[in-house]
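Peer 1: Structure file query-v4.pdb, PDB, C-alpha atoms, is pasted below:
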```pdb
ATOM      1  CA  MET A  85      90.865  13.943 -32.227  1.00  0.00           C
ATOM      2  CA  LYS A  86      89.717  13.348 -28.608  1.00  0.00           C
ATOM      3  CA  THR A  87      86.308  11.969 -27.646  1.00  0.00           C
ATOM      4  CA  HIS A  88      84.810  12.344 -24.144  1.00  0.00           C
ATOM      5  CA  SER A  89      81.554  10.558 -23.261  1.00  0.00           C
ATOM      6  CA  ILE A  90      79.175  12.442 -21.014  1.00  0.00           C
ATOM      7  CA  ARG A  91      76.001  10.539 -20.205  1.00  0.00           C
ATOM      8  CA  ASN A  92      74.163  10.019 -23.493  1.00  0.00           C
ATOM      9  CA  THR A  93      76.115  12.566 -25.524  1.00  0.00           C
ATOM     10  CA  ALA A  94      79.642  12.951 -26.765  1.00  0.00           C
ATOM     11  CA  LEU A  95      81.793  16.003 -27.155  1.00  0.00           C
ATOM     12  CA  VAL A  96      84.231  15.858 -30.004  1.00  0.00           C
ATOM     13  CA  LEU A  97      87.225  18.172 -30.059  1.00  0.00           C
ATOM     14  CA  ALA A  98      88.454  18.485 -33.613  1.00  0.00           C
ATOM     15  CA  THR A  99      90.863  21.156 -34.737  1.00  0.00           C
ATOM     16  CA  GLY A 100      90.050  23.319 -31.735  1.00  0.00           C
ATOM     17  CA  LEU A 101      86.293  23.364 -32.428  1.00  0.00           C
ATOM     18  CA  LEU A 102      83.926  21.893 -29.858  1.00  0.00           C
ATOM     19  CA  ILE A 103      81.074  19.998 -31.538  1.00  0.00           C
ATOM     20  CA  HIS A 104      78.159  18.315 -29.727  1.00  0.00           C
ATOM     21  CA  VAL A 105      77.328  14.925 -31.242  1.00  0.00           C
ATOM     22  CA  ALA A 106      74.356  12.810 -30.093  1.00  0.00           C
ATOM     23  CA  VAL A 107      75.180   9.229 -29.230  1.00  0.00           C
ATOM     24  CA  ALA A 108      72.567   6.618 -30.016  1.00  0.00           C
ATOM     25  CA  GLN A 109      71.331   4.718 -26.993  1.00  0.00           C
ATOM     26  CA  THR A 110      70.909   0.987 -27.208  1.00  0.00           C
ATOM     27  CA  PRO A 111      67.777  -0.082 -25.298  1.00  0.00           C
ATOM     28  CA  ALA A 112      68.139  -3.012 -22.920  1.00  0.00           C
ATOM     29  CA  ALA A 113      67.460  -6.226 -24.776  1.00  0.00           C
ATOM     30  CA  ILE A 114      63.972  -7.520 -23.988  1.00  0.00           C
ATOM     31  CA  PRO A 115      63.656 -11.257 -24.595  1.00  0.00           C
ATOM     32  CA  THR A 116      61.264 -12.107 -27.395  1.00  0.00           C
ATOM     33  CA  GLY A 117      59.499 -15.237 -28.550  1.00  0.00           C
ATOM     34  CA  PRO A 118      56.660 -17.384 -27.266  1.00  0.00           C
ATOM     35  CA  ALA A 119      58.422 -18.489 -24.067  1.00  0.00           C
ATOM     36  CA  ALA A 120      59.331 -14.933 -23.089  1.00  0.00           C
ATOM     37  CA  GLU A 121      55.764 -13.775 -23.742  1.00  0.00           C
ATOM     38  CA  ALA A 122      54.360 -16.462 -21.440  1.00  0.00           C
ATOM     39  CA  GLN A 123      56.969 -15.652 -18.780  1.00  0.00           C
ATOM     40  CA  ARG A 124      56.067 -11.933 -18.869  1.00  0.00           C
ATOM     41  CA  GLY A 125      52.351 -12.743 -18.641  1.00  0.00           C
ATOM     42  CA  TYR A 126      52.988 -14.988 -15.646  1.00  0.00           C
ATOM     43  CA  ALA A 127      55.162 -12.405 -13.884  1.00  0.00           C
ATOM     44  CA  GLY A 128      52.469  -9.751 -14.266  1.00  0.00           C
ATOM     45  CA  VAL A 129      49.563 -11.813 -12.991  1.00  0.00           C
ATOM     46  CA  LYS A 130      51.686 -13.237 -10.160  1.00  0.00           C
ATOM     47  CA  ALA A 131      52.427  -9.717  -8.926  1.00  0.00           C
ATOM     48  CA  ASN A 132      48.737  -8.750  -9.107  1.00  0.00           C
ATOM     49  CA  ILE A 133      47.564 -11.810  -7.187  1.00  0.00           C
ATOM     50  CA  LEU A 134      50.187 -11.460  -4.454  1.00  0.00           C
ATOM     51  CA  LYS A 135      49.435  -7.736  -4.070  1.00  0.00           C
ATOM     52  CA  SER A 136      45.721  -8.530  -3.878  1.00  0.00           C
ATOM     53  CA  ALA A 137      46.306 -11.014  -1.069  1.00  0.00           C
ATOM     54  CA  ASP A 138      48.445  -8.458   0.727  1.00  0.00           C
ATOM     55  CA  LYS A 139      45.931  -5.628   0.339  1.00  0.00           C
ATOM     56  CA  MET A 140      42.920  -7.547   1.659  1.00  0.00           C
ATOM     57  CA  PRO A 141      42.760  -7.266   5.463  1.00  0.00           C
ATOM     58  CA  ALA A 142      42.993 -10.579   7.322  1.00  0.00           C
ATOM     59  CA  GLU A 143      39.474 -10.193   8.723  1.00  0.00           C
ATOM     60  CA  SER A 144      38.123  -9.902   5.160  1.00  0.00           C
ATOM     61  CA  PHE A 145      39.553 -13.182   3.869  1.00  0.00           C
ATOM     62  CA  SER A 146      36.185 -14.734   4.751  1.00  0.00           C
ATOM     63  CA  TYR A 147      34.352 -12.099   2.674  1.00  0.00           C
ATOM     64  CA  LYS A 148      32.043 -13.209  -0.102  1.00  0.00           C
ATOM     65  CA  PRO A 149      29.625 -10.927  -1.944  1.00  0.00           C
ATOM     66  CA  GLU A 150      26.738 -13.420  -1.856  1.00  0.00           C
ATOM     67  CA  PRO A 151      26.100 -16.502   0.296  1.00  0.00           C
ATOM     68  CA  ASP A 152      26.537 -18.956  -2.590  1.00  0.00           C
ATOM     69  CA  ILE A 153      29.805 -17.416  -3.887  1.00  0.00           C
ATOM     70  CA  ARG A 154      33.342 -18.368  -2.834  1.00  0.00           C
ATOM     71  CA  THR A 155      35.176 -16.427  -0.151  1.00  0.00           C
ATOM     72  CA  PHE A 156      38.245 -14.349  -0.969  1.00  0.00           C
ATOM     73  CA  ALA A 157      40.336 -17.025   0.794  1.00  0.00           C
ATOM     74  CA  ARG A 158      38.742 -19.783  -1.299  1.00  0.00           C
ATOM     75  CA  VAL A 159      39.645 -17.963  -4.520  1.00  0.00           C
ATOM     76  CA  LEU A 160      43.286 -17.771  -3.356  1.00  0.00           C
ATOM     77  CA  ASN A 161      43.206 -21.457  -2.405  1.00  0.00           C
ATOM     78  CA  HIS A 162      41.759 -22.310  -5.819  1.00  0.00           C
ATOM     79  CA  ILE A 163      44.669 -20.477  -7.463  1.00  0.00           C
ATOM     80  CA  SER A 164      47.114 -22.429  -5.288  1.00  0.00           C
ATOM     81  CA  GLU A 165      45.495 -25.778  -6.084  1.00  0.00           C
ATOM     82  CA  ALA A 166      45.402 -25.117  -9.832  1.00  0.00           C
ATOM     83  CA  GLN A 167      49.008 -23.889  -9.943  1.00  0.00           C
ATOM     84  CA  LEU A 168      50.286 -26.838  -7.948  1.00  0.00           C
ATOM     85  CA  HIS A 169      48.443 -29.140 -10.349  1.00  0.00           C
ATOM     86  CA  THR A 170      49.590 -27.612 -13.660  1.00  0.00           C
ATOM     87  CA  CYS A 171      53.048 -26.361 -12.732  1.00  0.00           C
ATOM     88  CA  GLY A 172      53.671 -29.512 -10.732  1.00  0.00           C
ATOM     89  CA  ALA A 173      52.891 -31.537 -13.873  1.00  0.00           C
ATOM     90  CA  ALA A 174      55.322 -29.429 -15.922  1.00  0.00           C
ATOM     91  CA  ASN A 175      58.004 -29.908 -13.257  1.00  0.00           C
ATOM     92  CA  GLY A 176      57.362 -33.623 -12.809  1.00  0.00           C
ATOM     93  CA  THR A 177      56.567 -32.987  -9.143  1.00  0.00           C
ATOM     94  CA  THR A 178      54.845 -35.998  -7.652  1.00  0.00           C
ATOM     95  CA  THR A 179      54.342 -34.750  -4.095  1.00  0.00           C
ATOM     96  CA  LEU A 180      52.480 -31.477  -4.049  1.00  0.00           C
ATOM     97  CA  ALA A 181      52.211 -29.032  -1.180  1.00  0.00           C
ATOM     98  CA  THR A 182      48.929 -28.986   0.683  1.00  0.00           C
ATOM     99  CA  VAL A 183      46.514 -26.086   0.697  1.00  0.00           C
ATOM    100  CA  PRO A 184      44.908 -25.152   4.020  1.00  0.00           C
ATOM    101  CA  PRO A 185      41.130 -24.873   4.383  1.00  0.00           C
ATOM    102  CA  GLU A 186      39.615 -21.535   3.436  1.00  0.00           C
ATOM    103  CA  THR A 187      38.906 -20.975   7.136  1.00  0.00           C
ATOM    104  CA  ALA A 188      42.637 -20.865   7.875  1.00  0.00           C
ATOM    105  CA  ASP A 189      44.200 -17.546   8.757  1.00  0.00           C
ATOM    106  CA  LYS A 190      45.613 -15.155   6.166  1.00  0.00           C
ATOM    107  CA  ALA A 191      49.216 -16.173   6.895  1.00  0.00           C
ATOM    108  CA  ALA A 192      48.546 -19.862   6.186  1.00  0.00           C
ATOM    109  CA  ILE A 193      46.671 -19.118   2.974  1.00  0.00           C
ATOM    110  CA  VAL A 194      49.371 -16.739   1.725  1.00  0.00           C
ATOM    111  CA  THR A 195      52.076 -19.283   2.622  1.00  0.00           C
ATOM    112  CA  ALA A 196      50.305 -21.886   0.462  1.00  0.00           C
ATOM    113  CA  LEU A 197      49.876 -19.325  -2.322  1.00  0.00           C
ATOM    114  CA  ASN A 198      53.605 -18.548  -2.230  1.00  0.00           C
ATOM    115  CA  ALA A 199      54.395 -22.285  -2.350  1.00  0.00           C
ATOM    116  CA  SER A 200      52.271 -22.634  -5.483  1.00  0.00           C
ATOM    117  CA  PHE A 201      54.015 -19.643  -7.058  1.00  0.00           C
ATOM    118  CA  ALA A 202      57.377 -21.215  -6.202  1.00  0.00           C
ATOM    119  CA  GLU A 203      56.308 -24.328  -8.122  1.00  0.00           C
ATOM    120  CA  CYS A 204      55.259 -22.172 -11.078  1.00  0.00           C
ATOM    121  CA  ASP A 205      58.439 -20.083 -10.883  1.00  0.00           C
ATOM    122  CA  LYS A 206      60.371 -23.307 -11.557  1.00  0.00           C
ATOM    123  CA  ALA A 207      58.070 -24.322 -14.409  1.00  0.00           C
ATOM    124  CA  PHE A 208      58.225 -20.931 -16.116  1.00  0.00           C
ATOM    125  CA  ALA A 209      62.003 -20.755 -15.676  1.00  0.00           C
ATOM    126  CA  LEU A 210      62.281 -24.047 -17.580  1.00  0.00           C
ATOM    127  CA  LEU A 211      60.152 -22.755 -20.458  1.00  0.00           C
ATOM    128  CA  THR A 212      62.093 -22.131 -23.680  1.00  0.00           C
ATOM    129  CA  ASP A 213      61.105 -21.699 -27.306  1.00  0.00           C
ATOM    130  CA  ALA A 214      62.723 -25.070 -27.963  1.00  0.00           C
ATOM    131  CA  ASN A 215      60.610 -27.051 -25.475  1.00  0.00           C
ATOM    132  CA  LEU A 216      57.142 -25.546 -26.041  1.00  0.00           C
ATOM    133  CA  ALA A 217      55.807 -28.754 -27.597  1.00  0.00           C
ATOM    134  CA  ASP A 218      56.985 -31.113 -24.828  1.00  0.00           C
ATOM    135  CA  MET A 219      54.016 -33.211 -23.751  1.00  0.00           C
ATOM    136  CA  PHE A 220      52.913 -34.011 -20.193  1.00  0.00           C
ATOM    137  CA  SER A 221      50.282 -36.221 -18.637  1.00  0.00           C
ATOM    138  CA  VAL A 222      47.849 -34.182 -16.601  1.00  0.00           C
ATOM    139  CA  GLY A 223      45.203 -36.433 -15.173  1.00  0.00           C
ATOM    140  CA  ASP A 224      43.862 -38.461 -18.092  1.00  0.00           C
ATOM    141  CA  ARG A 225      44.932 -35.908 -20.700  1.00  0.00           C
ATOM    142  CA  LYS A 226      48.117 -35.002 -22.530  1.00  0.00           C
ATOM    143  CA  ARG A 227      49.039 -31.317 -22.524  1.00  0.00           C
ATOM    144  CA  SER A 228      51.875 -29.420 -24.180  1.00  0.00           C
ATOM    145  CA  ARG A 229      54.254 -27.378 -22.032  1.00  0.00           C
ATOM    146  CA  ILE A 230      53.074 -24.129 -23.643  1.00  0.00           C
ATOM    147  CA  GLY A 231      49.452 -25.195 -23.167  1.00  0.00           C
ATOM    148  CA  LEU A 232      50.090 -25.742 -19.466  1.00  0.00           C
ATOM    149  CA  MET A 233      51.919 -22.457 -19.064  1.00  0.00           C
ATOM    150  CA  TRP A 234      49.458 -20.278 -21.008  1.00  0.00           C
ATOM    151  CA  GLY A 235      46.605 -22.122 -19.309  1.00  0.00           C
ATOM    152  CA  THR A 236      48.088 -21.122 -15.952  1.00  0.00           C
ATOM    153  CA  VAL A 237      48.416 -17.472 -17.013  1.00  0.00           C
ATOM    154  CA  SER A 238      44.867 -17.442 -18.388  1.00  0.00           C
ATOM    155  CA  HIS A 239      43.364 -19.093 -15.304  1.00  0.00           C
ATOM    156  CA  ASP A 240      45.289 -16.813 -12.951  1.00  0.00           C
ATOM    157  CA  ASN A 241      44.059 -13.743 -14.852  1.00  0.00           C
ATOM    158  CA  GLU A 242      40.461 -14.976 -14.521  1.00  0.00           C
ATOM    159  CA  GLN A 243      40.934 -15.464 -10.786  1.00  0.00           C
ATOM    160  CA  TYR A 244      42.640 -12.081 -10.422  1.00  0.00           C
ATOM    161  CA  ALA A 245      39.528 -10.479 -11.922  1.00  0.00           C
ATOM    162  CA  THR A 246      37.494 -12.066  -9.104  1.00  0.00           C
ATOM    163  CA  LEU A 247      39.985 -10.886  -6.477  1.00  0.00           C
ATOM    164  CA  ALA A 248      39.922  -7.360  -7.940  1.00  0.00           C
ATOM    165  CA  LEU A 249      36.130  -7.302  -7.769  1.00  0.00           C
ATOM    166  CA  TYR A 250      36.154  -8.453  -4.122  1.00  0.00           C
ATOM    167  CA  LEU A 251      38.694  -5.738  -3.289  1.00  0.00           C
ATOM    168  CA  ARG A 252      36.540  -3.085  -4.979  1.00  0.00           C
ATOM    169  CA  LEU A 253      33.453  -4.288  -3.111  1.00  0.00           C
ATOM    170  CA  LYS A 254      35.430  -3.774   0.117  1.00  0.00           C
ATOM    171  CA  GLY A 255      36.433  -0.254  -0.976  1.00  0.00           C
ATOM    172  CA  ILE A 256      40.040  -1.218  -1.798  1.00  0.00           C
ATOM    173  CA  ALA A 257      41.676  -0.336  -5.126  1.00  0.00           C
ATOM    174  CA  PRO A 258      42.992  -3.469  -6.857  1.00  0.00           C
ATOM    175  CA  PRO A 259      46.682  -3.511  -7.838  1.00  0.00           C
ATOM    176  CA  THR A 260      45.996  -2.783 -11.503  1.00  0.00           C
ATOM    177  CA  SER A 261      44.084   0.377 -10.538  1.00  0.00           C
ATOM    178  CA  GLU A 262      46.721   1.833  -8.225  1.00  0.00           C
ATOM    179  CA  LYS A 263      48.232   5.154  -9.201  1.00  0.00           C
TER     180      LYS A 263
END
```
Could I get this structure in the form of structure tokens?
Peer 2:
Amino acid sequence: MKTHSIRNTALVLATGLLIHVAVAQTPAAIPTGPAAEAQRGYAGVKANILKSADKMPAESFSYKPEPDIRTFARVLNHISEAQLHTCGAANGTTTLATVPPETADKAAIVTALNASFAECDKAFALLTDANLADMFSVGDRKRSRIGLMWGTVSHDNEQYATLALYLRLKGIAPPTSEK
């Protein structure tokens, strides 16, 4: 008996009779567990925030819907500051990158945002199901590793909602609404 694989099917030649036999596909293994869930959440919101920063024109970084509301640039800076604080704590980073003023140009603000994501990339890469309960000092509080990581994802999602609203108010489709 000869077997020949062709894509996702097999042809079996048995006693001169050609028979088509379906071959079961094995889906790519998707990591599971609490750490993997947090890592996927982070990856998704990171992509949305970076795309939002990219989509907003440089001249609109100073945009704010009302005089007493933060500018688009200030929201991005807030994300950077928060990520450097929480992910820096998880990484044991003592010297954090600086965030430019909200009046800085788009390139400087996006550079700081990328630096904060680089800090979080390290923290999320270190996250495992085995170390979720590790404790860290953050200011005058103790926080678990998973608390820090899910707190980052949650906060970033809240801030992305603000960025998405600002984009819509400027007539720009936010990343999660793109076709």
Peer 1: May I ask for the distance between atom CA of A:Ile256 and atom CA of A:Pro141, given in Å to one decimal place?
Peer 2: 9.8 Å
Peer 1: Once 3 Å is added on each side, what centre and edge lengths in Å to one decimal does the axis-aligned box around all listed atoms of stretch 185-193 of chain A have, as JSON?
Peer 2:
```
{"center_x": 44.1, "center_y": -20.0, "center_z": 5.9, "size_x": 16.3, "size_y": 15.7, "size_z": 11.8}
```
Peer 1: Applied to the shown file, which residues does the PyMOL selection byres ((chain A and resi 228) around 9) return, written as a list in words?
Peer 2: Ala174, Leu216, Ala217, Asp218, Met219, Phe220, Ser221, Lys226, Arg227, Arg229, Ile230, Gly231, Leu232 and Met233 of chain A
Peer 1: Fewer than 3 positions away in the same chain doesn't count, so skip those; otherwise give me all residues within 9 Å of A:Val194, counting all atoms listed in the file, as a compact mmCIF listing (two decimals) with C-alpha atoms, in the frame of the given file.
Peer 2:
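Okay, around.txt is ready:
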```txt
# COMPACT_ATOMS: atom_id res chain seq x y z
CA LEU A 134 50.19 -11.46 -4.45
CA ALA A 137 46.31 -11.01 -1.07
CA ASP A 138 48.44 -8.46 0.73
CA LEU A 160 43.29 -17.77 -3.36
CA ASN A 161 43.21 -21.46 -2.40
CA ASP A 189 44.20 -17.55 8.76
CA LYS A 190 45.61 -15.16 6.17
CA ALA A 191 49.22 -16.17 6.90
CA LEU A 197 49.88 -19.32 -2.32
CA ASN A 198 53.60 -18.55 -2.23
CA ALA A 199 54.40 -22.28 -2.35
```
Peer 1: Leaving out A:Ala131 and any residue of its chain fewer than 6 positions from it, which residues lie within 12 Å of it when counting all atoms listed in the file, given as a PyMOL selection string?
Peer 2: chain A and resi 124-125+137-138+197-198+201+237+240-241+244+258-260
Peer 1: Taking into account only C-alpha atoms, which residue in the set A:Ala188, A:Ala207, A:Ile193, A:Ala257 is nearest to A:Glu165?
Peer 2: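 The closest residue to A:Glu165 is A:Ile193.
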Peer 1: Which residue is closest to A:Met140? Choose from A:Lys206, A:Thr182, A:Ala157, A:Ala127 and count only C-alpha atoms.
Peer 2: A:Ala157
Peer 1: Specify as a PyMOL selection string each residue included when the PyMOL selection byres ((chain A and resi 167) around 8) is applied to this file.
Peer 2: chain A and resi 163-166+168-172+200-201+203-204+236
Peer 1: Looking at A:Gln123, A:Ala248, A:Val159, A:Asp152, which one is nearest to A:Ser261, with distances taken over only C-alpha atoms?
Peer 2: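 Once distances to A:Ser261 are computed over only C-alpha atoms, the minimum belongs to A:Ala248.
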Peer 1: Point out the residue among A:Glu121, A:Glu262, A:Glu186, A:Glu242 with the least atom-to-atom distance to A:Phe145, counting only C-alpha atoms.
Peer 2: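 Of the candidates, the smallest distance to A:Phe145 is held by A:Glu186.
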